[in-house]
Each structure stands twice: as structure tokens, then as C-alpha cells.
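Printed here is entry37.cif (mmCIF, C-alpha atoms):
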```
data_structure
loop_
_atom_site.group_PDB
_atom_site.id
_atom_site.type_symbol
_atom_site.label_atom_id
_atom_site.label_comp_id
_atom_site.auth_asym_id
_atom_site.auth_seq_id
_atom_site.Cartn_x
_atom_site.Cartn_y
_atom_site.Cartn_z
ATOM 1 C CA MET T 27 -31.224 11.866 16.493
ATOM 2 C CA LEU T 28 -29.495 14.332 14.184
ATOM 3 C CA PRO T 29 -26.648 16.561 15.423
ATOM 4 C CA ARG T 30 -27.450 20.174 16.228
ATOM 5 C CA ALA T 31 -25.683 23.035 14.472
ATOM 6 C CA GLU T 32 -23.861 23.980 17.689
ATOM 7 C CA THR T 33 -22.423 20.467 18.167
ATOM 8 C CA LEU T 34 -18.673 20.687 18.881
ATOM 9 C CA LEU T 35 -16.456 18.038 17.341
ATOM 10 C CA ASP T 36 -13.318 16.569 18.863
ATOM 11 C CA ILE T 37 -10.524 16.734 16.290
ATOM 12 C CA GLU T 38 -8.910 13.491 17.513
ATOM 13 C CA GLY T 39 -12.215 11.681 17.171
ATOM 14 C CA VAL T 40 -12.614 12.976 13.627
ATOM 15 C CA ARG T 41 -9.045 11.949 12.812
ATOM 16 C CA ALA T 42 -9.645 8.450 14.183
ATOM 17 C CA PHE T 43 -12.860 8.082 12.159
ATOM 18 C CA VAL T 44 -11.192 9.147 8.898
ATOM 19 C CA ARG T 45 -8.209 6.867 9.450
ATOM 20 C CA VAL T 46 -10.437 3.871 10.257
ATOM 21 C CA VAL T 47 -12.349 4.410 7.019
ATOM 22 C CA ASP T 48 -9.209 4.992 4.943
ATOM 23 C CA LEU T 49 -7.501 1.859 6.231
ATOM 24 C CA ALA T 50 -10.677 -0.238 6.633
ATOM 25 C CA SER T 51 -9.325 -1.390 9.980
ATOM 26 C CA PHE T 52 -9.318 -0.240 13.600
ATOM 27 C CA THR T 53 -6.031 -2.079 14.139
ATOM 28 C CA ARG T 54 -4.219 -0.390 11.269
ATOM 29 C CA ALA T 55 -5.728 2.976 12.203
ATOM 30 C CA ALA T 56 -4.259 2.514 15.680
ATOM 31 C CA ASP T 57 -0.866 1.647 14.181
ATOM 32 C CA SER T 58 -0.923 4.746 12.014
ATOM 33 C CA LEU T 59 -1.782 7.018 14.957
ATOM 34 C CA ALA T 60 0.676 5.341 17.362
ATOM 35 C CA THR T 61 -2.011 4.330 19.830
ATOM 36 C CA SER T 62 -4.065 1.273 20.777
ATOM 37 C CA GLN T 63 -7.066 -0.246 19.054
ATOM 38 C CA ALA T 64 -9.086 0.348 22.223
ATOM 39 C CA ALA T 65 -8.219 4.054 22.137
ATOM 40 C CA ILE T 66 -9.316 4.334 18.492
ATOM 41 C CA SER T 67 -12.576 2.531 19.236
ATOM 42 C CA LEU T 68 -13.239 4.883 22.145
ATOM 43 C CA ARG T 69 -12.532 8.007 20.051
ATOM 44 C CA VAL T 70 -14.899 6.872 17.299
ATOM 45 C CA LYS T 71 -17.577 5.916 19.846
ATOM 46 C CA ARG T 72 -17.358 9.331 21.521
ATOM 47 C CA LEU T 73 -17.643 11.043 18.142
ATOM 48 C CA GLU T 74 -20.699 8.937 17.297
ATOM 49 C CA ASP T 75 -22.253 9.764 20.677
ATOM 50 C CA ARG T 76 -21.618 13.468 20.171
ATOM 51 C CA LEU T 77 -23.208 13.385 16.720
ATOM 52 C CA GLY T 78 -25.959 11.002 17.729
ATOM 53 C CA LEU T 79 -25.187 8.893 14.669
ATOM 54 C CA ARG T 80 -23.523 5.588 13.939
ATOM 55 C CA LEU T 81 -20.647 6.326 11.555
ATOM 56 C CA VAL T 82 -18.921 2.943 11.143
ATOM 57 C CA ASP T 83 -20.187 -0.588 10.547
ATOM 58 C CA ARG T 84 -17.829 -3.097 12.128
ATOM 59 C CA THR T 85 -17.744 -6.895 12.020
ATOM 60 C CA PRO T 86 -14.798 -9.298 12.568
ATOM 61 C CA ARG T 87 -14.115 -9.249 8.798
ATOM 62 C CA HIS T 88 -15.506 -5.946 7.614
ATOM 63 C CA VAL T 89 -15.103 -2.263 8.460
ATOM 64 C CA ALA T 90 -16.872 0.381 6.385
ATOM 65 C CA PRO T 91 -18.668 3.694 6.880
ATOM 66 C CA THR T 92 -22.425 3.686 7.324
ATOM 67 C CA PRO T 93 -24.414 5.799 4.831
ATOM 68 C CA ARG T 94 -24.307 8.654 7.373
ATOM 69 C CA GLY T 95 -20.590 8.073 7.871
ATOM 70 C CA ALA T 96 -19.948 8.209 4.129
ATOM 71 C CA LYS T 97 -21.864 11.482 3.946
ATOM 72 C CA PHE T 98 -19.832 12.917 6.844
ATOM 73 C CA LEU T 99 -16.459 11.756 5.457
ATOM 74 C CA PRO T 100 -15.769 14.615 2.956
ATOM 75 C CA SER T 101 -16.573 17.228 5.608
ATOM 76 C CA ALA T 102 -14.391 15.373 8.125
ATOM 77 C CA ARG T 103 -11.470 15.484 5.682
ATOM 78 C CA ARG T 104 -11.944 19.218 5.124
ATOM 79 C CA LEU T 105 -11.995 19.782 8.893
ATOM 80 C CA LEU T 106 -8.667 17.940 9.306
ATOM 81 C CA GLU T 107 -7.122 19.888 6.416
ATOM 82 C CA ALA T 108 -8.289 23.198 7.905
ATOM 83 C CA HIS T 109 -6.881 22.168 11.285
ATOM 84 C CA ALA T 110 -3.505 21.314 9.723
ATOM 85 C CA ARG T 111 -3.409 24.653 7.869
ATOM 86 C CA ALA T 112 -4.271 26.586 11.048
ATOM 87 C CA VAL T 113 -1.456 24.907 12.978
ATOM 88 C CA ALA T 114 0.990 25.465 10.101
ATOM 89 C CA ASP T 115 0.033 29.150 9.883
ATOM 90 C CA LEU T 116 0.772 29.632 13.572
ATOM 91 C CA ALA T 117 4.120 27.872 13.215
ATOM 92 C CA ASP T 118 5.033 30.204 10.331
ATOM 93 C CA VAL T 119 7.482 27.685 8.847
ATOM 94 C CA PRO T 120 7.384 25.729 5.569
ATOM 95 C CA PRO T 121 5.578 22.376 5.824
ATOM 96 C CA PRO T 122 7.916 19.449 6.471
ATOM 97 C CA ARG T 123 8.788 17.115 3.617
ATOM 98 C CA LEU T 124 8.753 13.335 3.684
ATOM 99 C CA SER T 125 11.058 11.822 1.070
ATOM 100 C CA LEU T 126 10.005 8.302 0.155
ATOM 101 C CA GLY T 127 11.575 5.720 -2.102
ATOM 102 C CA ILE T 128 9.108 3.010 -3.131
ATOM 103 C CA SER T 129 10.013 -0.106 -5.058
ATOM 104 C CA ASP T 130 8.447 -0.536 -8.464
ATOM 105 C CA HIS T 131 7.321 -3.979 -7.260
ATOM 106 C CA VAL T 132 5.610 -2.422 -4.210
ATOM 107 C CA ALA T 133 3.968 0.746 -5.537
ATOM 108 C CA GLY T 134 1.326 -0.960 -7.674
ATOM 109 C CA PRO T 135 -1.439 0.641 -9.721
ATOM 110 C CA ASP T 136 -3.257 1.793 -6.561
ATOM 111 C CA LEU T 137 -0.447 4.063 -5.326
ATOM 112 C CA PRO T 138 -2.090 7.357 -6.448
ATOM 113 C CA GLY T 139 -5.373 6.371 -4.854
ATOM 114 C CA ARG T 140 -3.621 5.148 -1.727
ATOM 115 C CA LEU T 141 -1.817 8.470 -1.274
ATOM 116 C CA ALA T 142 -5.005 10.423 -1.955
ATOM 117 C CA ARG T 143 -7.043 8.398 0.536
ATOM 118 C CA LEU T 144 -4.451 8.894 3.237
ATOM 119 C CA GLY T 145 -4.654 12.662 2.830
ATOM 120 C CA LEU T 146 -0.955 13.218 3.501
ATOM 121 C CA ASP T 147 -1.325 16.839 2.442
ATOM 122 C CA GLY T 148 -3.953 17.244 5.158
ATOM 123 C CA MET T 149 -1.332 16.303 7.739
ATOM 124 C CA GLY T 150 0.718 19.341 6.829
ATOM 125 C CA VAL T 151 3.356 17.262 5.038
ATOM 126 C CA VAL T 152 4.722 17.495 1.493
ATOM 127 C CA PRO T 153 5.439 13.914 0.334
ATOM 128 C CA GLU T 154 8.263 13.454 -2.177
ATOM 129 C CA VAL T 155 7.852 10.023 -3.787
ATOM 130 C CA THR T 156 10.392 8.351 -6.071
ATOM 131 C CA ILE T 157 9.775 4.970 -7.716
ATOM 132 C CA LEU T 158 12.914 2.855 -8.150
ATOM 133 C CA PRO T 159 13.760 -0.859 -8.409
ATOM 134 C CA SER T 160 14.259 -2.549 -5.042
ATOM 135 C CA ARG T 161 17.837 -3.391 -6.016
ATOM 136 C CA ASP T 162 18.672 0.339 -6.077
ATOM 137 C CA LEU T 163 16.788 1.480 -2.999
ATOM 138 C CA GLY T 164 19.023 -0.214 -0.434
ATOM 139 C CA SER T 165 22.196 1.572 -1.503
ATOM 140 C CA VAL T 166 20.419 4.875 -2.085
ATOM 141 C CA PHE T 167 18.843 4.735 1.386
ATOM 142 C CA ALA T 168 22.210 3.897 2.937
ATOM 143 C CA ALA T 169 23.650 6.955 1.208
ATOM 144 C CA GLY T 170 21.091 9.149 3.004
ATOM 145 C CA ARG T 171 18.877 10.128 0.095
ATOM 146 C CA PHE T 172 15.479 9.127 1.536
ATOM 147 C CA ASP T 173 13.737 9.424 4.882
ATOM 148 C CA ALA T 174 12.217 5.998 4.259
ATOM 149 C CA VAL T 175 12.040 3.286 1.622
ATOM 150 C CA LEU T 176 9.557 0.511 0.909
ATOM 151 C CA VAL T 177 11.173 -2.479 -0.787
ATOM 152 C CA ARG T 178 10.130 -5.954 -1.864
ATOM 153 C CA ALA T 179 12.661 -8.494 -0.682
ATOM 154 C CA GLU T 180 13.281 -12.150 -0.038
ATOM 155 C CA THR T 181 15.033 -13.522 3.027
ATOM 156 C CA GLY T 182 18.771 -13.029 2.731
ATOM 157 C CA ASP T 183 18.570 -10.529 -0.124
ATOM 158 C CA PRO T 184 22.039 -8.910 -0.111
ATOM 159 C CA ALA T 185 20.712 -5.689 -1.665
ATOM 160 C CA GLU T 186 18.386 -5.058 1.291
ATOM 161 C CA PRO T 187 19.675 -2.906 4.176
ATOM 162 C CA GLU T 188 19.741 -4.593 7.566
ATOM 163 C CA GLY T 189 16.819 -4.273 9.937
ATOM 164 C CA GLY T 190 13.563 -2.837 8.744
ATOM 165 C CA THR T 191 9.945 -3.596 9.555
ATOM 166 C CA ILE T 192 8.074 -6.286 7.643
ATOM 167 C CA LEU T 193 4.702 -4.817 6.682
ATOM 168 C CA ALA T 194 3.299 -7.712 4.669
ATOM 169 C CA ALA T 195 4.193 -11.052 3.134
ATOM 170 C CA GLU T 196 2.875 -11.860 -0.314
ATOM 171 C CA ARG T 197 3.468 -14.755 -2.679
ATOM 172 C CA LEU T 198 4.384 -13.927 -6.250
ATOM 173 C CA CYS T 199 1.920 -15.318 -8.804
ATOM 174 C CA TRP T 200 1.781 -15.834 -12.549
ATOM 175 C CA PHE T 201 -0.506 -13.327 -14.250
ATOM 176 C CA ALA T 202 -1.769 -13.339 -17.832
ATOM 177 C CA ALA T 203 -4.598 -11.978 -19.948
ATOM 178 C CA PRO T 204 -7.700 -14.204 -19.730
ATOM 179 C CA ALA T 205 -7.272 -15.276 -23.370
ATOM 180 C CA PHE T 206 -3.524 -15.954 -23.099
ATOM 181 C CA ALA T 207 -2.812 -19.575 -24.055
ATOM 182 C CA TRP T 208 0.210 -21.830 -23.736
ATOM 183 C CA ASP T 209 0.416 -25.603 -23.948
ATOM 184 C CA ARG T 210 3.524 -27.090 -22.389
ATOM 185 C CA GLU T 211 3.027 -30.296 -24.385
ATOM 186 C CA THR T 212 3.866 -28.531 -27.664
ATOM 187 C CA GLY T 213 7.382 -27.770 -26.491
ATOM 188 C CA ARG T 214 6.981 -24.125 -27.432
ATOM 189 C CA PRO T 215 8.648 -21.747 -24.958
ATOM 190 C CA LEU T 216 6.498 -19.776 -22.542
ATOM 191 C CA LEU T 217 6.466 -16.084 -23.457
ATOM 192 C CA LEU T 218 7.686 -14.071 -20.484
ATOM 193 C CA ALA T 219 7.377 -10.353 -19.675
ATOM 194 C CA THR T 220 9.950 -9.075 -17.175
ATOM 195 C CA LEU T 221 11.796 -6.049 -15.911
ATOM 196 C CA ALA T 222 15.312 -5.502 -17.120
ATOM 197 C CA GLY T 223 17.866 -7.264 -14.922
ATOM 198 C CA PRO T 224 19.078 -7.458 -12.329
ATOM 199 C CA CYS T 225 15.664 -7.934 -10.705
ATOM 200 C CA ASN T 226 14.841 -10.327 -7.865
ATOM 201 C CA VAL T 227 11.328 -11.026 -9.162
ATOM 202 C CA ARG T 228 12.672 -11.753 -12.622
ATOM 203 C CA MET T 229 15.357 -14.084 -11.213
ATOM 204 C CA SER T 230 12.751 -15.899 -9.087
ATOM 205 C CA ALA T 231 10.512 -16.450 -12.115
ATOM 206 C CA GLU T 232 13.336 -17.707 -14.302
ATOM 207 C CA ALA T 233 14.680 -19.988 -11.557
ATOM 208 C CA ALA T 234 11.233 -21.517 -10.970
ATOM 209 C CA LEU T 235 10.737 -22.232 -14.679
ATOM 210 C CA ASP T 236 14.225 -23.702 -15.040
ATOM 211 C CA ALA T 237 13.767 -25.903 -11.965
ATOM 212 C CA ALA T 238 10.501 -27.225 -13.429
ATOM 213 C CA GLY T 239 12.192 -27.916 -16.754
ATOM 214 C CA LEU T 240 9.872 -25.580 -18.656
ATOM 215 C CA PRO T 241 11.124 -23.764 -21.765
ATOM 216 C CA TRP T 242 10.701 -19.996 -21.841
ATOM 217 C CA ARG T 243 11.897 -16.917 -23.651
ATOM 218 C CA GLU T 244 11.657 -13.195 -23.077
ATOM 219 C CA ALA T 245 8.899 -11.663 -25.146
ATOM 220 C CA PHE T 246 8.848 -8.231 -23.464
ATOM 221 C CA VAL T 247 11.278 -6.333 -21.234
ATOM 222 C CA GLY T 248 9.791 -3.297 -19.497
ATOM 223 C CA GLY T 249 11.370 -0.320 -17.829
ATOM 224 C CA GLY T 250 8.881 -0.561 -14.965
ATOM 225 C CA VAL T 251 6.136 -2.749 -13.543
ATOM 226 C CA ALA T 252 3.487 -0.603 -15.249
ATOM 227 C CA ALA T 253 5.016 -1.396 -18.638
ATOM 228 C CA VAL T 254 5.235 -5.105 -17.810
ATOM 229 C CA GLY T 255 1.610 -5.052 -16.658
ATOM 230 C CA ALA T 256 0.529 -3.373 -19.884
ATOM 231 C CA ALA T 257 2.238 -6.079 -21.937
ATOM 232 C CA VAL T 258 0.539 -8.802 -19.897
ATOM 233 C CA ALA T 259 -2.873 -7.129 -20.179
ATOM 234 C CA ALA T 260 -2.361 -6.911 -23.949
ATOM 235 C CA GLY T 261 -1.877 -10.679 -24.090
ATOM 236 C CA LEU T 262 1.769 -10.527 -25.192
ATOM 237 C CA ALA T 263 3.203 -12.657 -22.393
ATOM 238 C CA VAL T 264 2.860 -13.962 -18.846
ATOM 239 C CA ALA T 265 4.601 -12.275 -15.882
ATOM 240 C CA ALA T 266 5.469 -12.988 -12.275
ATOM 241 C CA LEU T 267 3.890 -10.242 -10.175
ATOM 242 C CA ALA T 268 2.714 -9.662 -6.641
ATOM 243 C CA PRO T 269 -1.110 -9.643 -6.557
ATOM 244 C CA SER T 270 -1.070 -6.116 -5.122
ATOM 245 C CA THR T 271 0.782 -4.808 -8.197
ATOM 246 C CA ALA T 272 -1.124 -6.702 -10.895
ATOM 247 C CA PRO T 273 -3.023 -4.349 -13.239
ATOM 248 C CA ALA T 274 -6.690 -4.516 -14.093
ATOM 249 C CA GLY T 275 -7.584 -6.910 -16.885
ATOM 250 C CA VAL T 276 -5.201 -9.724 -15.932
ATOM 251 C CA VAL T 277 -5.892 -12.906 -13.980
ATOM 252 C CA GLU T 278 -3.836 -15.302 -11.914
ATOM 253 C CA SER T 279 -3.030 -18.097 -14.346
ATOM 254 C CA GLY T 280 -0.435 -20.366 -12.740
ATOM 255 C CA ASP T 281 -2.747 -23.345 -12.272
ATOM 256 C CA ARG T 282 -4.410 -22.900 -15.666
ATOM 257 C CA LEU T 283 -1.075 -22.866 -17.479
ATOM 258 C CA GLY T 284 0.593 -25.489 -15.304
ATOM 259 C CA LEU T 285 3.323 -23.184 -14.016
ATOM 260 C CA PRO T 286 5.407 -23.755 -10.860
ATOM 261 C CA GLU T 287 4.752 -22.061 -7.536
ATOM 262 C CA LEU T 288 6.676 -18.841 -6.964
ATOM 263 C CA PRO T 289 8.329 -17.771 -3.689
ATOM 264 C CA LEU T 290 6.984 -15.675 -0.849
ATOM 265 C CA THR T 291 8.225 -12.092 -0.753
ATOM 266 C CA ARG T 292 8.015 -9.366 1.896
ATOM 267 C CA ILE T 293 7.224 -5.673 1.814
ATOM 268 C CA VAL T 294 9.792 -4.124 4.144
ATOM 269 C CA LEU T 295 9.972 -0.572 5.486
ATOM 270 C CA HIS T 296 13.343 1.018 6.299
ATOM 271 C CA ALA T 297 13.116 4.445 7.897
ATOM 272 C CA ARG T 298 15.213 7.005 9.696
ATOM 273 C CA PRO T 299 13.982 8.433 13.021
ATOM 274 C CA LEU T 300 11.259 10.992 12.270
ATOM 275 C CA ARG T 301 9.152 13.290 14.424
ATOM 276 C CA GLY T 302 5.954 15.288 14.146
ATOM 277 C CA PRO T 303 3.778 15.310 11.009
ATOM 278 C CA ALA T 304 6.386 13.479 8.913
ATOM 279 C CA ALA T 305 6.394 10.578 11.389
ATOM 280 C CA GLU T 306 2.579 10.501 11.406
ATOM 281 C CA ALA T 307 2.437 10.491 7.611
ATOM 282 C CA LEU T 308 4.916 7.626 7.420
ATOM 283 C CA ARG T 309 2.955 5.617 10.001
ATOM 284 C CA ALA T 310 -0.195 6.128 7.938
ATOM 285 C CA LEU T 311 1.509 4.948 4.758
ATOM 286 C CA ALA T 312 3.029 1.931 6.508
ATOM 287 C CA ALA T 313 -0.364 0.984 7.948
ATOM 288 C CA ALA T 314 -1.900 1.174 4.471
ATOM 289 C CA TYR T 315 0.629 -1.381 3.203
ATOM 290 C CA ARG T 316 0.517 -3.571 6.278
ATOM 291 C CA GLY T 317 -1.020 -6.969 5.739
ATOM 292 C CA ALA T 318 -4.704 -7.140 6.629
ATOM 293 C CA GLY T 319 -5.024 -8.127 10.263
ATOM 294 C CA GLY T 320 -7.617 -7.700 12.958
ATOM 295 C CA ARG T 321 -10.346 -5.153 12.448
#
```
Output the file's structure as C-alpha cells, nothing else.
Amino acid sequence: MLPRAETLLDIEGVRAFVRVVDLASFTRAADSLATSQAAISLRVKRLEDRLGLRLVDRTPRHVAPTPRGAKFLPSARRLLEAHARAVADLADVPPPRLSLGISDHVAGPDLPGRLARLGLDGMGVVPEVTILPSRDLGSVFAAGRFDAVLVRAETGDPAEPEGGTILAAERLCWFAAPAFAWDRETGRPLLLATLAGPCNVRMSAEAALDAAGLPWREAFVGGGVAAVGAAVAAGLAVAALAPSTAPAGVVESGDRLGLPELPLTRIVLHARPLRGPAAEALRALAAAYRGAGGR
């Protein structure tokens, strides 16, 4: 049964549907909207009943829009944006800003797409995003510059502010171009691409190589993870990176090259108390970074 032209849509049901699709998870959608998974499931089910269409395919390991859901998604986004504009017009005040500091080792190549998919502008919020090394974000956050920061840290990292919410744990891996070659038996040093120090990821990589007794030398020092990733993709060197920040065109190569295991790191959110649209936008961003859990 197709919906009739006079069908009235519930805005909270539409919001739940869009968030489930964006985050590919009912659990993370519930986190981002500060409600329960059962409530999100009920909102989506009521929207589907009202439209007479199934919008979401859901299995224990997979959540995705149906063909009808994918067709409805752009219109659903426009409806949420129009709703946010209407509320903002009535309030007659500038939209709130959300100032975010994100670690270079957290942002990753998908950050623009992640922000676009979340539709933060449709929430009536102006996000201000600054990319900095994790080592700088702790002190800058403590000084009051950001509403929230996302850092990559290891347990006991002195540069990390106390507290925070762990969003995900991820093991660093060795990445290289598929054709990159190195034979430890030759005694030649491994060519390493790193960020300029001090950098926790760099120190972890160097410590692991030293502990394994493997020779290495810097072949490329980048001013950001994007530059390091470009050097690795070009075949100039190998780099220690989190899988979520590795660029296209590189492959995990630790086993192939006989390199030591790297440590587990955490993506940690530190935030000040927020309210209204800014709080909702931050919850959505945190849910997008949260480790994949139940669907």
C-alpha cells in the first residue's frame, strides 16, 4: 500500500528513521537521541505503519534502508531541515554554535562525509571544527576553548584530561602501499612515515620497533595524518595508523612485513555540559564514532 497525499508524518518518527540510517544502528540512534532502543524501534515502526511501507531492513548484523526507505531519505532530511528552520525563525535568535576539537588521529578521511551524513546543520546548529594533535587538545580544552574534544589516547596518557567517555577502542596497525617491500633479513632499516613529535602514535610505533630489535629510520614527517597517509599511499614508507584513519589505497601490512603488534588506543570524548540543539548534535557525533555495537 502506498501512502496517500494527505498522510501526516510524525517528526520524531522521521528523525528516528534518518538517524538509524545515518548510524546504521538502532542502538547508536538511541544514544544520539538520548532515548532507548525500544523507543527508536517503536517510532520507526509507527512511521512505517503510517506510510504503509517498510523503510528499514534489520538483522542482528545489518541495518540499512529498503529501496523505498532510500527513496524517502532525501525528502525526510529536507523535512527535518525545514522543521529546524521553522523553530529557529520563531526563536528569532542566531543558531547555536558547537565548537569541536578533533584529534588528527581521530578525524580520518571520512570526517567530511560523517558530518554531512549527520546533518548537523539540519539540527539548527553551526558546528565549528578544529583539527589538532591529541597532545594539544587536552590543555586547550582545559583552557575553555572548545565545547567538546575527541582525542585518541592510551591508558595513563598524561596529556589527556581526566574523565571523559570512551567511544571506541581500536588497535593501531601498520599500513603500507600494496607494493611496498621490506625484508628484515637484509638489515636495511624500515622506512617510517610519522607525524612530527611529540606524538603518542609515533612514540608507540618507535617503541614497538625498538623492542623487537628492528632497525628503522624516518623517511617522511608529515604535518598531519592526511600528509602521512599520502606518503604511505605513494609507497614512500610504512606508518602506524588506526584503521579508521587509514586512507584509500593502503593495506594493513604488519603480518606481511613481519612487524610487531601495536597497542590498543581509545577514542575519548571530553565535553562540557550542553543543552538543546548543541547537545543533540554532540550526541549524534559521539554515536557516529562509538564502536559498533548492537543493532
Closest atom pairs, segment 50-145 of chain T residues within 12 Å of segment 212-233 of chain T, only C-alpha atoms, as JSON lines:
```
{"residue": "T:Ser129", "atom": "CA", "partner": "T:Cys225", "partner_atom": "CA", "distance": 11.2}
{"residue": "T:Asp130", "atom": "CA", "partner": "T:Leu221", "partner_atom": "CA", "distance": 9.9}
{"residue": "T:His131", "atom": "CA", "partner": "T:Val227", "partner_atom": "CA", "distance": 8.3}
{"residue": "T:Val132", "atom": "CA", "partner": "T:Val227", "partner_atom": "CA", "distance": 11.5}
```
**Message:** Using only C-alpha atoms, can you tell me which of T:Ala42, T:Pro303, T:Pro204, T:Ala314 comes closest to Val113 of chain T?
**Reply:** T:Pro303
**Asked** Of the candidates T:Val44, T:Val166, T:Val152, T:Ile66, which one gets nearest to Pro100 of chain T if we count only C-alpha atoms?
**Response** T:Val44
**Prompt:** Contacts of Arg72 of chain T at 8 Å or less, counting all atoms listed in the file, minus same-chain residues fewer than 4 places along, as a list in words?
**Reply:**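 The neighbour list is Gly39, Leu68 and Arg76 of chain T.
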**Hits from the PyMOL selection byres ((chain T and resi 124) around 10), listed as a list of chain:residue names** = T:Pro121, T:Pro122, T:Arg123, T:Ser125, T:Leu126, T:Gly127, T:Leu146, T:Val151, T:Val152, T:Pro153, T:Glu154, T:Val155, T:Phe172, T:Asp173, T:Ala174, T:Leu300, T:Pro303, T:Ala304, T:Ala305, T:Ala307, T:Leu308
**Asked** Can you list, as number ranges by chain, every protein, DNA or RNA residue that comes within 10 Å of Gly275 of chain T when you count all atoms listed in the file, leaving out same-chain residues fewer than 3 positions away?
**Response** T: 201-204, 255-256, 258-261, 272
Can you spit out the residues from that selection as a compact mmCIF listing (two decimals), in the coordinates of the input, using C-alpha atoms?
```txt
# COMPACT_ATOMS: atom_id res chain seq x y z
CA PHE T 201 -0.51 -13.33 -14.25
CA ALA T 202 -1.77 -13.34 -17.83
CA ALA T 203 -4.60 -11.98 -19.95
CA PRO T 204 -7.70 -14.20 -19.73
CA GLY T 255 1.61 -5.05 -16.66
CA ALA T 256 0.53 -3.37 -19.88
CA VAL T 258 0.54 -8.80 -19.90
CA ALA T 259 -2.87 -7.13 -20.18
CA ALA T 260 -2.36 -6.91 -23.95
CA GLY T 261 -1.88 -10.68 -24.09
CA ALA T 272 -1.12 -6.70 -10.90
```
**Top pick for closest residue to Leu105 of chain T, considering T:Leu288, T:Ala60, T:Val46, T:Leu35 and counting all atoms listed in the file** =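 Among the listed residues, the smallest separation from Leu105 of chain T belongs to T:Leu35.
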**Prompt:** Within 12 Å of Thr33 of chain T, counting only C-alpha atoms, which residues qualify if same-chain residues fewer than 6 places away don't, as a list of chain:residue names?
**Reply:** T:Leu73, T:Glu74, T:Asp75, T:Arg76, T:Leu77, T:Gly78
Write out, as a compact mmCIF listing (two decimals), in the coordinates of the input, the residues just selected, with C-alpha atoms.
```
# COMPACT_ATOMS: atom_id res chain seq x y z
CA LEU T 73 -17.64 11.04 18.14
CA GLU T 74 -20.70 8.94 17.30
CA ASP T 75 -22.25 9.76 20.68
CA ARG T 76 -21.62 13.47 20.17
CA LEU T 77 -23.21 13.38 16.72
CA GLY T 78 -25.96 11.00 17.73
```
**Asked** With distances taken over only C-alpha atoms, which of T:Arg94, T:Arg140, T:Arg309, T:Arg80 is nearest to Ala297 of chain T?
**Response** T:Arg309
**Prompt:** Closest to Asp136 of chain T among T:Tyr315, T:Phe167, T:Phe98, T:Phe43, using all atoms listed in the file?
**Reply:** T:Tyr315
**Prompt:** With only C-alpha atoms as the atoms that count, which of T:Trp208, T:Ala263, T:Leu235, T:Gly189 lies nearest to Gly248 of chain T?
**Reply:**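 Checking each candidate against Gly248 of chain T, we get T:Ala263 as the closest.
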Box time for segment 109-123 of chain T: axis-aligned, enclosing all its listed atoms, 3 Å extra on each side; report centre and edge lengths in Å to one decimal, as lines of an AutoDock Vina configuration file.
```
center_x = 1.0
center_y = 23.7
center_z = 8.6
size_x = 21.7
size_y = 19.1
size_z = 16.0
```
**Message:** Using only C-alpha atoms, which protein or nucleic acid residues come within 12 Å of Gly164 of chain T? Drop anything in the same chain fewer than 2 positions from it, and give the result as number ranges by chain.
**Reply:** T: 127-129, 158-162, 166-172, 174-179, 183-190, 294-297
**Message:** I need the output of the PyMOL selection byres ((chain T and resi 280) around 12) for this file as a PyMOL selection string; which residues are they?
**Reply:** chain T and resi 198-204+206-208+231+234-235+264-267+277-279+281-288
Atoms kept (C-alpha atoms) for selection, written as a JSON list (two decimals), in the frame of the given file:
```
[["chain", "number", "residue", "atom", "x", "y", "z"],
["T", 198, "LEU", "CA", 4.38, -13.93, -6.25],
["T", 199, "CYS", "CA", 1.92, -15.32, -8.80],
["T", 200, "TRP", "CA", 1.78, -15.83, -12.55],
["T", 201, "PHE", "CA", -0.51, -13.33, -14.25],
["T", 202, "ALA", "CA", -1.77, -13.34, -17.83],
["T", 203, "ALA", "CA", -4.60, -11.98, -19.95],
["T", 204, "PRO", "CA", -7.70, -14.20, -19.73],
["T", 206, "PHE", "CA", -3.52, -15.95, -23.10],
["T", 207, "ALA", "CA", -2.81, -19.58, -24.06],
["T", 208, "TRP", "CA", 0.21, -21.83, -23.74],
["T", 231, "ALA", "CA", 10.51, -16.45, -12.12],
["T", 234, "ALA", "CA", 11.23, -21.52, -10.97],
["T", 235, "LEU", "CA", 10.74, -22.23, -14.68],
["T", 264, "VAL", "CA", 2.86, -13.96, -18.85],
["T", 265, "ALA", "CA", 4.60, -12.28, -15.88],
["T", 266, "ALA", "CA", 5.47, -12.99, -12.28],
["T", 267, "LEU", "CA", 3.89, -10.24, -10.18],
["T", 277, "VAL", "CA", -5.89, -12.91, -13.98],
["T", 278, "GLU", "CA", -3.84, -15.30, -11.91],
["T", 279, "SER", "CA", -3.03, -18.10, -14.35],
["T", 281, "ASP", "CA", -2.75, -23.34, -12.27],
["T", 282, "ARG", "CA", -4.41, -22.90, -15.67],
["T", 283, "LEU", "CA", -1.08, -22.87, -17.48],
["T", 284, "GLY", "CA", 0.59, -25.49, -15.30],
["T", 285, "LEU", "CA", 3.32, -23.18, -14.02],
["T", 286, "PRO", "CA", 5.41, -23.76, -10.86],
["T", 287, "GLU", "CA", 4.75, -22.06, -7.54],
["T", 288, "LEU", "CA", 6.68, -18.84, -6.96]]
```
**Item:** Residues matched by the PyMOL selection byres ((chain T and resi 93) around 12) as a ChimeraX atom specification
**Value:** /T:79-83,90-92,94-99
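Here atom CA of Ala55 of chain T and atom CA of Ala310 of chain T stand 7.7 Å from one another.
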**Message:** Please report the interatomic distance between atom CA of Gly250 of chain T and atom CA of Leu262 of chain T in Å with one decimal.
**Reply:** 16.0 Å
Model the absent atoms of segment 101-109 of chain T so that N, CA and C atoms are present, and write the result as a compact mmCIF listing (two decimals), keeping the file's coordinate frame.
```txt
# COMPACT_ATOMS: atom_id res chain seq x y z
N SER T 101 -16.65 16.10 4.68
CA SER T 101 -16.57 17.23 5.61
C SER T 101 -15.52 16.97 6.68
N ALA T 102 -15.40 15.72 7.13
CA ALA T 102 -14.39 15.37 8.12
C ALA T 102 -12.99 15.61 7.56
N ARG T 103 -12.78 15.24 6.31
CA ARG T 103 -11.47 15.48 5.68
C ARG T 103 -11.17 16.98 5.61
N ARG T 104 -12.16 17.77 5.22
CA ARG T 104 -11.94 19.22 5.12
C ARG T 104 -11.63 19.81 6.49
N LEU T 105 -12.27 19.30 7.53
CA LEU T 105 -12.00 19.78 8.89
C LEU T 105 -10.54 19.49 9.27
N LEU T 106 -10.05 18.28 8.98
CA LEU T 106 -8.67 17.94 9.31
C LEU T 106 -7.68 18.79 8.51
N GLU T 107 -8.00 19.04 7.24
CA GLU T 107 -7.12 19.89 6.42
C GLU T 107 -7.08 21.31 6.96
N ALA T 108 -8.26 21.84 7.35
CA ALA T 108 -8.29 23.20 7.90
C ALA T 108 -7.51 23.26 9.22
N HIS T 109 -7.62 22.22 10.02
CA HIS T 109 -6.88 22.17 11.28
C HIS T 109 -5.38 22.18 11.02
```
